[in-house]
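One structure is given below, encoded as structure tokens.
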Amino acid sequence: MRKRGFLLLLALILSVTPTLSVAADTKSEAQKQKQEAQKNLDAVNSNIENIEENKEAVQEEIVEIDAQLVDLLLTVDLITDDIKSKQGEIDVAQAEYEEARSKEEQQYESMKRRIKFMYERGEKKYIEMFLQSESIADIVNKADYVEQLYEYDRQMLLSYQQTKEEEAELKARLEEEKDELTEMQEEYVSESKHLQELIDEKKRTLEDFESQLSAAKQKAGEYQEQIKHQTAVLKQIEAEEAARRKAEEEARKKAEAEAKKKAEEDSKKKKNKNEDSDDKEKSSESDGGSDEAPKKEESSSGGGNASPGDSAKGREIADFACKYVGNPYVAGGTSLTEGCDCSGFTSAVYSHFGYSIPRNSYSQSTYGREVSYSEAQPGDIIYYGGHVGIYIGGGQIVHASTPSTGIKISNALYRSIITVRRIV
């Protein structure tokens, strides 16, 4: 009867598996076909797992690249605002420079006219000054006035010249900072385009994975139909094994309970026996000896020395980073001497002191703990959005700036600060 039921089940399986060309007449042949179907299914499932793992990996890459792209786009917007602000400062400096230059020219022309007038009429004027003066003191006062006029002209001219030079220097510095920001902006825009192209490429790869998954799952469905009958068998086996395990567990617990109970009874008997023995020993003592209480060992705990603050280490890191000022900027580089980019510079500096920090600036912006700029200490990393530098104190940073300027020291507020991270 069982054999007949088995053959009916086998006939049903074979009716939905056209790939099996020969019907299994015997149990061994059916088992062989089942094993072959299972082997094929395992291979397809393994292929599906590989495809899904690759798909998940690509999806994770897309998420990560997309985050980098968002950060870069935000950085581009911030740099654009910084460039506008910097241009406003340049315009103000230019206006002040033009005003100082105009005043210098006016003062110079006025001084020339007075000098020319005095030289042309100097002799006559001095004679008139003597003739019209009421006393020697009056003559001296008038002569002092002429000297004071000369000195006033000279001081005013020097003052305007100095103001003009200071404004020219400020304008030059602002122009340099603007050029750096513009260069960074162009680099970030280019990198943003590259990331977008990379995302598009990854999405096309995902579409290809979807096609592969669809074909593999269809094939797996065909093989699953071939081995459906194993489900019932496996469930039966699992039920029997579960019943067996449950029975074994109950037997084990029962044995443990009996053993525990026996151990408690034996312990109680031994305790009663020891108490009887102690009573006999106490009654047999004639000198009334005293028992010594066991000495309790006292444990002392010593507190470790508190480690010194990390400010000294931060200062050491900042001083070390400044040693490489003047070395080249190389995109993707991590060498402090041969060339590095901004995040390559910070990671290389910290690596020298045994700290392993993320390689790219976006990841560094979330590493360590955040502090406000007012709390910034030497050695802290300042993140500007797509760019990082090491704070060295005094409102300055050292950073791998651009290919044209290399590693340099800059004003920490030359760009909008996103976050300050403390590593040590």
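The way I read the labels, and the way they are meant: chains A, B, ... in the order of the structure tokens, residue 1 as the first residue of every chain, and ligand 1 as the first ligand shown, with later ones counted on from there.
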Exercise for the section: Quick one: everything within 10 Å of region 371-384 of chain A, counting only C-alpha atoms, minus sequence neighbours fewer than 4 positions away in the same chain. Send it as an MDAnalysis selection string. Expected result: chainID A and resid 75 78:79 310:321 343 346 349:350 361:362 364:367 388:399 412:424
Using only C-alpha atoms, please write the residues we just selected to a file, as a CSV table (one decimal), in the first residue's frame.
chain,number,residue,atom,x,y,z
A,75,THR,CA,30.2,71.9,-0.5
A,78,LEU,CA,29.0,76.7,0.4
A,79,ILE,CA,32.0,77.5,-1.7
A,310,ASP,CA,45.3,65.3,25.5
A,311,SER,CA,46.0,69.0,24.8
A,312,ALA,CA,49.8,68.3,24.8
A,313,LYS,CA,49.3,65.6,22.3
A,314,GLY,CA,47.2,67.8,20.1
A,315,ARG,CA,49.9,70.5,20.2
A,316,GLU,CA,52.5,67.9,19.2
A,317,ILE,CA,50.3,66.8,16.3
A,318,ALA,CA,49.8,70.4,15.1
A,319,ASP,CA,53.6,71.1,15.3
A,320,PHE,CA,54.4,68.0,13.4
A,321,ALA,CA,51.9,68.9,10.7
A,343,SER,CA,42.2,64.2,3.8
A,346,THR,CA,45.3,64.7,7.9
A,349,VAL,CA,49.7,63.1,10.2
A,350,TYR,CA,47.5,61.2,12.6
A,361,SER,CA,37.1,64.1,4.4
A,362,TYR,CA,33.4,63.2,4.6
A,364,GLN,CA,36.5,62.4,8.9
A,365,SER,CA,33.6,64.9,9.5
A,366,THR,CA,31.8,62.3,11.6
A,367,TYR,CA,34.9,60.8,13.4
A,388,VAL,CA,39.6,69.4,6.0
A,389,GLY,CA,42.5,71.0,7.8
A,390,ILE,CA,44.3,70.7,11.2
A,391,TYR,CA,43.8,73.6,13.6
A,392,ILE,CA,47.2,74.9,15.0
A,393,GLY,CA,45.9,77.6,17.3
A,394,GLY,CA,45.7,81.4,17.0
A,395,GLY,CA,42.8,81.1,14.5
A,396,GLN,CA,44.9,79.3,11.9
A,397,ILE,CA,44.9,75.9,10.2
A,398,VAL,CA,47.5,73.9,8.3
A,399,HIS,CA,46.1,72.0,5.3
A,412,ALA,CA,40.8,79.1,10.0
A,413,LEU,CA,37.8,81.2,9.1
A,414,TYR,CA,38.7,81.7,5.4
A,415,ARG,CA,35.7,79.4,4.6
A,416,SER,CA,32.4,78.5,6.3
A,417,ILE,CA,33.1,75.8,9.0
A,418,ILE,CA,30.8,72.8,9.1
A,419,THR,CA,32.2,71.0,12.1
A,420,VAL,CA,35.2,70.7,14.4
A,421,ARG,CA,36.2,67.2,15.4
A,422,ARG,CA,38.5,66.2,18.3
A,423,ILE,CA,40.4,63.0,17.8
A,424,VAL,CA,42.8,63.1,20.8
Practice task
Return the single residue from A:Arg245, A:Arg101, A:Lys202, A:Lys178 that is closest to Leu157 (chain A), with distances computed using only C-alpha atoms.
Solution key: A:Arg101
Exercise for the section: Can you work out the spacing between CA of Ser211 (chain A) and CA of Gln38 (chain A) in Å, to one decimal? Expected result: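 If I compute the distance from CA of Ser211 (chain A) to CA of Gln38 (chain A), I get 23.5 Å.
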Exercise for the section: Please identify all polymer residues within 7 Å of Leu195 (chain A), counting only C-alpha atoms, omitting same-chain residues fewer than 4 positions from it, and present them as a PyMOL selection string. Expected result: chain A and resi 65+69+191+199
Would you write out those residues with N, CA and C atoms, as an mmCIF file, in the first residue's frame?
data_model
loop_
_atom_site.group_PDB
_atom_site.id
_atom_site.type_symbol
_atom_site.label_atom_id
_atom_site.label_comp_id
_atom_site.auth_asym_id
_atom_site.auth_seq_id
_atom_site.Cartn_x
_atom_site.Cartn_y
_atom_site.Cartn_z
ATOM 1 N N ILE A 65 28.122 56.470 -2.376
ATOM 2 C CA ILE A 65 28.515 57.459 -3.392
ATOM 3 C C ILE A 65 27.506 58.598 -3.419
ATOM 4 N N LEU A 69 28.115 62.442 -2.976
ATOM 5 C CA LEU A 69 27.658 63.410 -3.980
ATOM 6 C C LEU A 69 26.871 64.542 -3.316
ATOM 7 N N GLU A 191 34.446 66.484 -9.677
ATOM 8 C CA GLU A 191 34.280 65.247 -8.918
ATOM 9 C C GLU A 191 32.801 64.875 -8.807
ATOM 10 N N ILE A 199 27.393 56.681 -10.305
ATOM 11 C CA ILE A 199 26.071 56.229 -9.840
ATOM 12 C C ILE A 199 25.251 55.680 -11.002
#
Problem - Among the residues A:Ala93, A:Leu74, A:Tyr324, A:Lys55, the one that comes closest to Cys340 (chain A) [using only C-alpha atoms] - result: A:Tyr324
Fill in the blank from the handout: Judged by only C-alpha atoms, the minimum distance to Glu167 (chain A) among A:Leu73, A:Glu187, A:Glu109, A:Ala95 is found for A:Ala95
Problem - Option closest in space to Gln161 (chain A), from A:Glu183, A:Glu98, A:Glu264, A:Glu207 [counting only C-alpha atoms] - result: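 Among the listed residues, the smallest separation from Gln161 (chain A) belongs to A:Glu98.
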Exercise for the section: May I ask which of the residues A:Asn40, A:Ser347, A:Asn50, A:Gln68 is the closest one to Gly386 (chain A), counting only C-alpha atoms? Expected result: A:Gln68
Fill in the blank from the handout: For Ala43 (chain A), the closest of A:Ala259, A:Ala348, A:Ala220, A:Ile409 counting only C-alpha atoms is A:Ala220
Practice task
Would you work out the distance separating CA of Val76 (chain A) from CA of Gly326 (chain A), expressed in Å to one decimal?
Solution key: 26.1 Å
Exercise for the section: Show which residues sit within 8 Å of Val189 (chain A), as a list in words. Count only C-alpha atoms, and ignore same-chain residues fewer than 3 positions away. Expected result: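 What passes the distance filter is Leu72, Leu73, Val76, Gln185, Glu186, Ser192 and Lys193 of chain A.
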Emit the selected residues as a compact mmCIF listing (two decimals), in the first residue's frame, including C-alpha atoms.
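The new file out.txt reads:
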# COMPACT_ATOMS: atom_id res chain seq x y z
CA LEU A 72 29.98 67.58 -2.58
CA LEU A 73 26.96 69.43 -3.92
CA VAL A 76 29.89 73.50 -3.98
CA GLN A 185 34.94 74.68 -6.65
CA GLU A 186 36.06 73.55 -10.09
CA SER A 192 30.49 65.62 -8.60
CA LYS A 193 30.10 64.87 -12.31
Practice task
Mind giving me the straight-line distance from CA of Pro403 (chain A) to CA of Lys323 (chain A) in Å, one decimal?
Solution key: 18.3 Å
